[in-house]
2 protein chains.
Amino acid sequence: MDTRPIGVFDSGLGGLTAVRELRRQMPSEHIIYFGDTSRVPYGNRSPETLLKYARQDLRFLATFRPKAVVIACGTVSSNCLDTLQAENDIPIIGVVEPAVKRAAAATRNRRVGLIATRASVNSGAYQRRFAALAPEITLIGRPCPLFVPLVEEGRVRTGDSVIETVAAEYLTPLREEGVDTLVLGCTHYPLLREVIGTVMGPDVTLIDVGQEAARAARAYLQARSAAAPKGQGDVVYCTSDRPADFERMARMFLYEDMEHSPRLVDIEAY
Amino acid sequence: MDTRPIGVFDSGLGGLTAVRELRRQMPSEHIIYFGDTSRVPYGNRSPETLLKYARQDLRFLATFRPKAVVIACGTVSSNCLDTLQAENDIPIIGVVEPAVKRAAAATRNRRVGLIATRASVNSGAYQRRFAALAPEITLIGRPCPLFVPLVEEGRVRTGDSVIETVAAEYLTPLREEGVDTLVLGCTHYPLLREVIGTVMGPDVTLIDVGQEAARAARAYLQARSAAAPKGQGDVVYCTSDRPADFERMARMFLYEDMEHSPRLVDIEAY
């Protein structure tokens, strides 16, 4: 038993889809969430800037003495995980490896697609993990830079011609490549599950990286008998821009209202 | 005569459209440009975060001892100009007042539209300037939050169904309101001039805020005999994220290659 919280961070609100999964899978855990809304999005930043931001995000979460940290940002997970793990004693779980394992188990024809931010695809992190864990799989990556701004504008529904046009443009080449499994490599993308599923067709398995990272966190804690004692866990939300804006937007990702208002954090001070 | 440079800043690369105008109108001036590419976009940030970023941007430019600073960011101009002017001795020119004056002179039916970021429209800055300078004009504002990400993805051309659909959605209500003049309240928007013009029709005058701010800067310097001596001015480009990315993107906004590579600036240190 370990009563310490789990830290979770993301560039903005997308990581709340991972929080929802963590709470569903481990309702007794306490969670500290940090969303860097004053510097969102991370998806087109350079690797150097990403590392600088990720270090600040992690230093802030470390002040809560977490038993583990989940990086609920595909871009940071892809670009900075090894460095952050080498620099810190806190166990850190990214989204790449859990998603790669799940995709490798799900694919039947060994053709897997990856959609993610430009920085995630360019990092080569998924290619390297597939090469190490399942070298027989062909990975076809595709940056989808307009998905995050469209989700943040709430353009997520089937019938919205803008998101449907962009999704068709990004995803049709992947469908034509014959992938039978698609990694949604950004925690914003679960909100587009229906739109993406419509383009890809019913036979393609969609892998939600936040859900897989939550599963990996649960397995990690269970293996070390470090789960929280029974009871109702709490979530503390922290944000680097106006808390009211965070709260207004959060419902879209959590599918419920927040119990507590978020705390404002001066992240550049970390 | 004043040989000191003119400072120009923006959240990212959009302000380069204002640099192009400054160089066209005043080719002998030296210009220092800062684009805050590590924290772009500014358009959905809170007023508090905008002011914090704008102060850092201005403190950085102040190290060059400029004779004037042009805020080539509609969002900062709308939210922070009065505070920045009150805090600094440097003459600071924003985009709002020059654009309002030009729109007031251009409109025949006294119905003016404004398209801009959410933070610009919400600031009420344009409404206040019209109320002060031309109270007979009805201003109809419309936030266009997807225009900046679409421009940054290069989705600017007629025939691109995504930008055409979004432009029709944002602009049709303004056309139906009967505006005869439209302020393009963001320095990214000149790249959409053709797309916007197609929706609005040939009888609507489009006001480019960067162009008007450049005119205001020229008038300011001429009135004070503070223009640079004859000769070819130089531009120093500075950026807070990877210089190579800045350089690659800059051509889209400048319509030419940069003479010098940009300098990297740790803006959070200012």
# chains A, B, ... in the order shown; residues from 1 in each chain; ligands from 1

$ select_by_dssp --residues "segment 203-237 of chain A" --states "alpha helix (DSSP H)" --output "JSON, numbers by chain"
{"A": [209, 210, 211, 212, 213, 214, 215, 216, 217, 218, 219, 220, 221, 222, 223]}

$ interface_residues --of "chain A" --to "chain B" --cutoff "8 Å" --atoms "only C-alpha atoms" --output "PyMOL selection string"
chain A and resi 38-40+45-46+48-49+145-146+149-150+153+161-162+165-166+241-242+268

$ write_last_selection --atoms "C-alpha atoms" --output "PDB file, in the first residue's frame"
ATOM      1  CA  SER A  38      -0.108  28.878 -20.894  1.00  0.00           C
ATOM      2  CA  ARG A  39       2.241  27.142 -23.372  1.00  0.00           C
ATOM      3  CA  VAL A  40      -0.079  24.659 -25.124  1.00  0.00           C
ATOM      4  CA  ARG A  45       7.819  22.686 -30.545  1.00  0.00           C
ATOM      5  CA  SER A  46      11.456  21.718 -31.040  1.00  0.00           C
ATOM      6  CA  GLU A  48      15.011  21.347 -26.958  1.00  0.00           C
ATOM      7  CA  THR A  49      11.981  23.427 -26.009  1.00  0.00           C
ATOM      8  CA  PRO A 145      -1.259  18.855 -36.853  1.00  0.00           C
ATOM      9  CA  LEU A 146      -4.778  20.257 -37.208  1.00  0.00           C
ATOM     10  CA  PRO A 149      -6.667  22.893 -32.604  1.00  0.00           C
ATOM     11  CA  LEU A 150      -9.875  21.385 -34.007  1.00  0.00           C
ATOM     12  CA  GLU A 153     -12.413  24.296 -30.708  1.00  0.00           C
ATOM     13  CA  SER A 161     -17.614  19.099 -42.388  1.00  0.00           C
ATOM     14  CA  VAL A 162     -14.309  20.669 -41.299  1.00  0.00           C
ATOM     15  CA  THR A 165     -12.612  16.780 -44.384  1.00  0.00           C
ATOM     16  CA  VAL A 166      -9.385  17.012 -42.354  1.00  0.00           C
ATOM     17  CA  ASP A 241      -3.161  29.800 -17.335  1.00  0.00           C
ATOM     18  CA  ARG A 242      -6.489  31.082 -16.069  1.00  0.00           C
ATOM     19  CA  GLU A 268       8.273  29.120 -15.522  1.00  0.00           C
TER      20      GLU A 268
END

$ residues_around --residues "Asp257 of chain B" --least-positions-apart "6" --cutoff "9 Å" --atoms "only C-alpha atoms" --output "PyMOL selection string"
chain B and resi 247-248+250-251

$ atom_distance --atom1 "atom CA of Cys73 of chain B" --atom2 "atom CA of Asp208 of chain B"
12.2 Å

$ select_by_dssp --residues "segment 95-234 of chain A" --states "strand (DSSP E)" --output "ChimeraX atom specification"
/A:111-116,138-143,181-184,205-208

$ residues_around --residues "segment 4-11 of chain B" --least-positions-apart "5" --cutoff "10 Å" --atoms "only C-alpha atoms" --output "PyMOL selection string"
chain B and resi 16+18-19+22+29-43+50+53-54+57-58+60-62+64-77+92-93+187+217+226-228+233-240

$ write_last_selection --atoms "C-alpha atoms" --output "mmCIF file, in the first residue's frame"
data_model
loop_
_atom_site.group_PDB
_atom_site.id
_atom_site.type_symbol
_atom_site.label_atom_id
_atom_site.label_comp_id
_atom_site.auth_asym_id
_atom_site.auth_seq_id
_atom_site.Cartn_x
_atom_site.Cartn_y
_atom_site.Cartn_z
ATOM 1 C CA LEU B 16 6.637 39.184 -40.383
ATOM 2 C CA ALA B 18 4.249 43.785 -40.692
ATOM 3 C CA VAL B 19 8.037 43.616 -41.132
ATOM 4 C CA LEU B 22 7.849 48.346 -42.652
ATOM 5 C CA GLU B 29 15.280 51.511 -41.132
ATOM 6 C CA HIS B 30 17.012 48.871 -39.051
ATOM 7 C CA ILE B 31 14.557 46.396 -37.544
ATOM 8 C CA ILE B 32 14.840 43.948 -34.657
ATOM 9 C CA TYR B 33 12.113 41.311 -34.844
ATOM 10 C CA PHE B 34 11.225 38.943 -32.025
ATOM 11 C CA GLY B 35 8.793 36.054 -32.612
ATOM 12 C CA ASP B 36 7.856 34.080 -29.485
ATOM 13 C CA THR B 37 7.633 30.751 -31.293
ATOM 14 C CA SER B 38 8.142 28.724 -28.096
ATOM 15 C CA ARG B 39 4.834 30.051 -26.722
ATOM 16 C CA VAL B 40 2.816 30.729 -29.884
ATOM 17 C CA PRO B 41 -0.170 31.102 -30.286
ATOM 18 C CA TYR B 42 -1.250 33.950 -27.997
ATOM 19 C CA GLY B 43 -4.830 34.134 -29.303
ATOM 20 C CA LEU B 50 -0.664 37.824 -22.324
ATOM 21 C CA TYR B 53 4.521 37.411 -22.127
ATOM 22 C CA ALA B 54 4.257 40.888 -23.675
ATOM 23 C CA ASP B 57 8.959 40.374 -25.232
ATOM 24 C CA LEU B 58 9.288 44.129 -24.729
ATOM 25 C CA PHE B 60 14.016 41.733 -24.605
ATOM 26 C CA LEU B 61 13.566 44.283 -27.408
ATOM 27 C CA ALA B 62 14.446 47.122 -25.015
ATOM 28 C CA PHE B 64 18.497 46.977 -28.342
ATOM 29 C CA ARG B 65 17.526 50.543 -27.286
ATOM 30 C CA PRO B 66 14.926 50.930 -30.059
ATOM 31 C CA LYS B 67 13.552 54.338 -31.031
ATOM 32 C CA ALA B 68 10.071 52.761 -31.246
ATOM 33 C CA VAL B 69 8.429 49.367 -30.876
ATOM 34 C CA VAL B 70 5.641 48.055 -33.104
ATOM 35 C CA ILE B 71 3.459 45.394 -31.502
ATOM 36 C CA ALA B 72 2.723 43.287 -34.579
ATOM 37 C CA CYS B 73 0.436 41.027 -32.546
ATOM 38 C CA GLY B 74 -3.252 41.867 -32.621
ATOM 39 C CA THR B 75 -3.871 39.987 -29.391
ATOM 40 C CA VAL B 76 -1.207 41.871 -27.395
ATOM 41 C CA SER B 77 -2.177 45.186 -28.999
ATOM 42 C CA ILE B 92 4.964 51.801 -28.567
ATOM 43 C CA ILE B 93 2.678 51.469 -31.571
ATOM 44 C CA THR B 187 -1.008 39.654 -38.758
ATOM 45 C CA ALA B 217 5.180 54.045 -37.381
ATOM 46 C CA ALA B 226 13.508 60.456 -36.371
ATOM 47 C CA ALA B 227 13.714 58.453 -39.611
ATOM 48 C CA ALA B 228 16.944 56.662 -40.431
ATOM 49 C CA GLY B 233 18.292 48.936 -43.442
ATOM 50 C CA ASP B 234 18.987 45.555 -41.935
ATOM 51 C CA VAL B 235 16.720 43.129 -40.063
ATOM 52 C CA VAL B 236 17.808 41.040 -37.090
ATOM 53 C CA TYR B 237 15.412 38.149 -36.482
ATOM 54 C CA CYS B 238 15.127 36.613 -33.007
ATOM 55 C CA THR B 239 13.047 33.645 -31.915
ATOM 56 C CA SER B 240 12.429 31.672 -28.738
#

$ residues_around --residues "His188 of chain B" --least-positions-apart "6" --cutoff "9 Å" --atoms "only C-alpha atoms" --output "ChimeraX atom specification"
/B:13-17,147-148,151-152,253

$ write_last_selection --atoms "N, CA and C atoms" --output "PDB file, in the first residue's frame"
ATOM      1  N   LEU B  13       5.235  34.021 -36.179  1.00  0.00           N
ATOM      2  CA  LEU B  13       5.729  34.503 -37.468  1.00  0.00           C
ATOM      3  C   LEU B  13       4.785  35.470 -38.168  1.00  0.00           C
ATOM      4  N   GLY B  14       3.543  35.552 -37.717  1.00  0.00           N
ATOM      5  CA  GLY B  14       2.578  36.425 -38.380  1.00  0.00           C
ATOM      6  C   GLY B  14       3.082  37.856 -38.499  1.00  0.00           C
ATOM      7  N   GLY B  15       3.780  38.332 -37.483  1.00  0.00           N
ATOM      8  CA  GLY B  15       4.277  39.706 -37.479  1.00  0.00           C
ATOM      9  C   GLY B  15       5.251  39.997 -38.603  1.00  0.00           C
ATOM     10  N   LEU B  16       5.744  38.957 -39.240  1.00  0.00           N
ATOM     11  CA  LEU B  16       6.637  39.184 -40.383  1.00  0.00           C
ATOM     12  C   LEU B  16       5.909  39.885 -41.527  1.00  0.00           C
ATOM     13  N   THR B  17       4.575  39.751 -41.576  1.00  0.00           N
ATOM     14  CA  THR B  17       3.842  40.503 -42.598  1.00  0.00           C
ATOM     15  C   THR B  17       3.944  42.010 -42.316  1.00  0.00           C
ATOM     16  N   PHE B 147      -8.195  30.239 -37.825  1.00  0.00           N
ATOM     17  CA  PHE B 147      -7.410  30.838 -38.918  1.00  0.00           C
ATOM     18  C   PHE B 147      -5.901  30.728 -38.657  1.00  0.00           C
ATOM     19  N   VAL B 148      -5.457  31.007 -37.426  1.00  0.00           N
ATOM     20  CA  VAL B 148      -4.008  30.961 -37.170  1.00  0.00           C
ATOM     21  C   VAL B 148      -3.441  29.553 -37.360  1.00  0.00           C
ATOM     22  N   VAL B 151      -3.342  28.864 -41.117  1.00  0.00           N
ATOM     23  CA  VAL B 151      -2.271  29.580 -41.825  1.00  0.00           C
ATOM     24  C   VAL B 151      -0.926  28.938 -41.504  1.00  0.00           C
ATOM     25  N   GLU B 152      -0.703  28.607 -40.232  1.00  0.00           N
ATOM     26  CA  GLU B 152       0.596  28.023 -39.863  1.00  0.00           C
ATOM     27  C   GLU B 152       0.808  26.666 -40.531  1.00  0.00           C
ATOM     28  N   PHE B 253       5.686  34.200 -44.955  1.00  0.00           N
ATOM     29  CA  PHE B 253       5.196  35.498 -44.489  1.00  0.00           C
ATOM     30  C   PHE B 253       5.951  36.672 -45.109  1.00  0.00           C
TER      31      PHE B 253
END

$ closest_residue --among "B:Gly178, B:Val183, B:Glu256, B:Ala125" --to "Glu212 of chain B" --atoms "only C-alpha atoms"
B:Val183

$ atom_distance --atom1 "atom CA of Arg193 of chain B" --atom2 "atom CA of Gly159 of chain A"
27.9 Å
